[in-house]
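In what follows, a single structure is set out as structure tokens and then discussed.
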Amino acid sequence: MTFRAAHLLGIEPLHPTEITALLDLADRYADQNRRGLTHHDALAGLTQINMFFENSTRTQASFELAGKRLGADVMSMAMQASSIKKGETLIDTALTLNAMRPDLLVVRHPQSGAVDLLAAKVQNCAVLNAGDGRHEHPTQALLDALTIRRAKGRLHRLSIAICGDIAHSRVARSNILLLGKMENRIRLIGPPTLMPAGIADFGCEVFEDMREGLAGADVVMMLRLQRERMDGGFIPSEREYYHRYGLDEEKLRFASPDAIVMHPGPMNRGVEIDGTIADDINRSVIQTQVEMGVAVRMAAMELLARNLRAARGAKVAEVMA
């Protein structure tokens with residue numbers, strides 16, 4: 001099975017073989033990037049527009065760099081000063097984009113489902129979800145998967161602990177979907193106030209005690225406290241949260257001796273993770289996650305561009321017939 005998707009809106013629609021195909025291509029790009037081979041023409045002649053309705057550093061910079069390395073014409077729109085702030089609807093924004101005729105559209109939005117709406121309304125364009133509300137962040141899950149595969153030599157039958165603010169995290173949702181598709185044992189650790197209802201139905205084990213949840217884990221994935229999505233008192237205090245759920249040396253000893261430590265960033269040191277662990281080059285792969293983000297986004301855009309060009313070619317052939 002090849003990569004068939006017209007858009008990358010989430011992990012849920014992807015087949016495991018499509019995930020593997022994307023990661024294989026990203027793996028090659030990661031190796032080429034490390035060798036300094038950063039100029040390619042897979043997106044030559046195509047226009048990429050980045051629309052970030054939420055602030056971002058890593059994701060936006062990563063998509064920009066990925067597009068430029070593939071030869072695209074890249075434009076990032078300042079959405080904080082856009083017509084949306086003046087009352088323009090998302091549908092009107094889609095109509096405006098149709099007039100601009102972009103080939104690739106990268107969108108981050110604070111509302112779940114907004115990226116799906118844009119994908120339904122824009123024409124002849126591949127849409128990539130860079131994070132929408134609490135819904136999904138597919139390229140983050142894919143870069144996490146590539147990081148795990150390179151560190152562990154495989155992406156199946158691992159014990160993976162995801163710790164922290166599960167309820168508000170689109171990163172957690174996308175990772176649960178992807179890692180589940182690849183036959184891993186997923187453990188979710190956090191206080192009941194930060195654990196979504198019905199999460200056990202996703203085939204995950206749920207733990208309130210961090211030491212119990214980390215026991216024997218091959219991968220420890222910490223999550224950021226999503227304070228911007230919280231309405232009310234979800235934790236007593238940051239100090240108490242760190243005491244119970246922050247990753248420190250004592251808690252990490254319960255995981256496998258060769259466990260890797262991950263965090264999607266930005267990190268709150270001393271709240272979600274101890275700074276010494278975050279900077280430990282023998283256990284932390286946090287900077288590798290950032291590096292793999294460029295390679296994964298290059299692969300995603302190349303595969304979508306192939307499908308876009310094939311669809312356009314089929315339309316031309318149909319008109320000519």
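If you're wondering about the labels, chains in the structure tokens are A, B, ... by order shown, residues count from 1 in each chain, ligands from 1 in order shown.
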
Give me the residues within 12 Å of A:Gly275 as a PDB file with all heavy atoms, in the first residue's frame, counting only C-alpha atoms and dropping any in the same chain fewer than 6 places off.
ATOM      1  N   GLY A 246       5.960  15.214  38.140  1.00  0.00           N
ATOM      2  CA  GLY A 246       7.136  15.693  37.427  1.00  0.00           C
ATOM      3  C   GLY A 246       8.186  14.601  37.345  1.00  0.00           C
ATOM      4  O   GLY A 246       8.381  13.830  38.300  1.00  0.00           O
ATOM      5  N   LEU A 247       8.850  14.499  36.209  1.00  0.00           N
ATOM      6  CA  LEU A 247       9.849  13.437  36.030  1.00  0.00           C
ATOM      7  C   LEU A 247      11.165  13.859  36.666  1.00  0.00           C
ATOM      8  O   LEU A 247      11.785  14.844  36.241  1.00  0.00           O
ATOM      9  CB  LEU A 247      10.054  13.137  34.544  1.00  0.00           C
ATOM     10  CG  LEU A 247      10.963  11.941  34.244  1.00  0.00           C
ATOM     11  CD1 LEU A 247      10.332  10.641  34.749  1.00  0.00           C
ATOM     12  CD2 LEU A 247      11.255  11.840  32.752  1.00  0.00           C
ATOM     13  N   ASP A 248      11.596  13.117  37.671  1.00  0.00           N
ATOM     14  CA  ASP A 248      12.887  13.345  38.310  1.00  0.00           C
ATOM     15  C   ASP A 248      13.657  12.025  38.343  1.00  0.00           C
ATOM     16  O   ASP A 248      13.180  10.988  37.879  1.00  0.00           O
ATOM     17  CB  ASP A 248      12.716  13.943  39.707  1.00  0.00           C
ATOM     18  CG  ASP A 248      11.819  13.085  40.611  1.00  0.00           C
ATOM     19  OD1 ASP A 248      11.677  11.868  40.343  1.00  0.00           O
ATOM     20  OD2 ASP A 248      11.254  13.633  41.576  1.00  0.00           O
ATOM     21  N   GLU A 249      14.865  12.082  38.885  1.00  0.00           N
ATOM     22  CA  GLU A 249      15.729  10.901  38.906  1.00  0.00           C
ATOM     23  C   GLU A 249      15.083   9.730  39.646  1.00  0.00           C
ATOM     24  O   GLU A 249      15.154   8.578  39.194  1.00  0.00           O
ATOM     25  CB  GLU A 249      17.070  11.245  39.560  1.00  0.00           C
ATOM     26  CG  GLU A 249      17.937  12.207  38.748  1.00  0.00           C
ATOM     27  CD  GLU A 249      18.642  11.526  37.593  1.00  0.00           C
ATOM     28  OE1 GLU A 249      18.544  10.287  37.473  1.00  0.00           O
ATOM     29  OE2 GLU A 249      19.290  12.235  36.798  1.00  0.00           O
ATOM     30  N   VAL A 261      13.715   9.454  27.156  1.00  0.00           N
ATOM     31  CA  VAL A 261      12.819  10.483  27.697  1.00  0.00           C
ATOM     32  C   VAL A 261      12.491  11.476  26.587  1.00  0.00           C
ATOM     33  O   VAL A 261      13.381  11.957  25.881  1.00  0.00           O
ATOM     34  CB  VAL A 261      13.474  11.215  28.879  1.00  0.00           C
ATOM     35  CG1 VAL A 261      12.589  12.371  29.349  1.00  0.00           C
ATOM     36  CG2 VAL A 261      13.743  10.240  30.020  1.00  0.00           C
ATOM     37  N   HIS A 263       9.744  14.876  25.214  1.00  0.00           N
ATOM     38  CA  HIS A 263       8.850  15.985  25.566  1.00  0.00           C
ATOM     39  C   HIS A 263       8.612  16.782  24.282  1.00  0.00           C
ATOM     40  O   HIS A 263       9.564  17.124  23.586  1.00  0.00           O
ATOM     41  CB  HIS A 263       9.475  16.880  26.634  1.00  0.00           C
ATOM     42  CG  HIS A 263       8.510  17.837  27.278  1.00  0.00           C
ATOM     43  ND1 HIS A 263       7.852  18.821  26.563  1.00  0.00           N
ATOM     44  CD2 HIS A 263       8.079  17.957  28.558  1.00  0.00           C
ATOM     45  CE1 HIS A 263       7.066  19.506  27.385  1.00  0.00           C
ATOM     46  NE2 HIS A 263       7.184  18.999  28.608  1.00  0.00           N
ATOM     47  N   MET A 267       9.057  23.094  27.200  1.00  0.00           N
ATOM     48  CA  MET A 267       9.083  22.461  28.517  1.00  0.00           C
ATOM     49  C   MET A 267       8.926  23.490  29.632  1.00  0.00           C
ATOM     50  O   MET A 267       9.433  24.610  29.523  1.00  0.00           O
ATOM     51  CB  MET A 267      10.426  21.750  28.731  1.00  0.00           C
ATOM     52  CG  MET A 267      10.641  20.516  27.912  1.00  0.00           C
ATOM     53  SD  MET A 267      12.252  19.776  28.303  1.00  0.00           S
ATOM     54  CE  MET A 267      13.376  20.982  27.599  1.00  0.00           C
ATOM     55  N   ASN A 268       8.252  23.079  30.692  1.00  0.00           N
ATOM     56  CA  ASN A 268       8.255  23.818  31.947  1.00  0.00           C
ATOM     57  C   ASN A 268       9.186  23.065  32.894  1.00  0.00           C
ATOM     58  O   ASN A 268       8.775  22.111  33.555  1.00  0.00           O
ATOM     59  CB  ASN A 268       6.846  23.911  32.531  1.00  0.00           C
ATOM     60  CG  ASN A 268       5.924  24.756  31.667  1.00  0.00           C
ATOM     61  OD1 ASN A 268       6.237  25.896  31.344  1.00  0.00           O
ATOM     62  ND2 ASN A 268       4.796  24.197  31.284  1.00  0.00           N
ATOM     63  N   ARG A 269      10.440  23.477  32.935  1.00  0.00           N
ATOM     64  CA  ARG A 269      11.411  22.794  33.787  1.00  0.00           C
ATOM     65  C   ARG A 269      11.027  22.985  35.254  1.00  0.00           C
ATOM     66  O   ARG A 269      10.637  24.075  35.661  1.00  0.00           O
ATOM     67  CB  ARG A 269      12.817  23.335  33.544  1.00  0.00           C
ATOM     68  CG  ARG A 269      13.366  22.995  32.153  1.00  0.00           C
ATOM     69  CD  ARG A 269      14.657  23.748  31.866  1.00  0.00           C
ATOM     70  NE  ARG A 269      15.170  23.454  30.540  1.00  0.00           N
ATOM     71  CZ  ARG A 269      16.214  22.655  30.291  1.00  0.00           C
ATOM     72  NH1 ARG A 269      16.833  22.075  31.304  1.00  0.00           N
ATOM     73  NH2 ARG A 269      16.625  22.441  29.053  1.00  0.00           N
ATOM     74  N   ILE A 281      22.173  13.724  27.715  1.00  0.00           N
ATOM     75  CA  ILE A 281      22.324  13.260  26.325  1.00  0.00           C
ATOM     76  C   ILE A 281      22.225  11.743  26.215  1.00  0.00           C
ATOM     77  O   ILE A 281      22.038  11.207  25.120  1.00  0.00           O
ATOM     78  CB  ILE A 281      23.657  13.742  25.708  1.00  0.00           C
ATOM     79  CG1 ILE A 281      24.849  13.225  26.522  1.00  0.00           C
ATOM     80  CG2 ILE A 281      23.686  15.253  25.618  1.00  0.00           C
ATOM     81  CD1 ILE A 281      26.198  13.516  25.863  1.00  0.00           C
ATOM     82  N   SER A 284      17.804  11.599  27.261  1.00  0.00           N
ATOM     83  CA  SER A 284      16.850  12.519  26.638  1.00  0.00           C
ATOM     84  C   SER A 284      17.026  12.564  25.121  1.00  0.00           C
ATOM     85  O   SER A 284      18.144  12.676  24.612  1.00  0.00           O
ATOM     86  CB  SER A 284      17.047  13.926  27.206  1.00  0.00           C
ATOM     87  OG  SER A 284      16.273  14.865  26.494  1.00  0.00           O
ATOM     88  N   ILE A 286      14.981  14.777  23.409  1.00  0.00           N
ATOM     89  CA  ILE A 286      14.131  15.941  23.161  1.00  0.00           C
ATOM     90  C   ILE A 286      14.647  16.762  21.980  1.00  0.00           C
ATOM     91  O   ILE A 286      13.864  17.202  21.131  1.00  0.00           O
ATOM     92  CB  ILE A 286      14.007  16.793  24.440  1.00  0.00           C
ATOM     93  CG1 ILE A 286      13.253  15.989  25.523  1.00  0.00           C
ATOM     94  CG2 ILE A 286      13.291  18.112  24.157  1.00  0.00           C
ATOM     95  CD1 ILE A 286      13.256  16.632  26.890  1.00  0.00           C
TER      96      ILE A 286
END

Backbone-only DSSP, helix (DSSP H, G or I) members of stretch 86-281 of chain A, as a ChimeraX atom specification: /A:86,90-100,114-121,138-152,170-181,192-194,199-202,210-214,227-229,238-245,249-252,275-278

Residues of stretch 166-221 of chain A in strand (DSSP E or B), written as a VMD selection string: chain A and resid 185 to 189 205 to 207 219 to 221

For A:Leu179: contacts at 9 Å, only C-alpha atoms, fewer than 4 positions along chain excluded, given as a list in words: Ala141, Ala145, Leu155, His156, Ile160, Ser174, Asn175, Glu183, Asn184, Arg185 and Ile186 of chain A

Distance query stretch 205-221 of chain A at most 6 Å, only C-alpha atoms, self and fewer than 4 positions along chain excluded, as a ChimeraX atom specification: /A:159-162,187-191,251,254-256,259-263
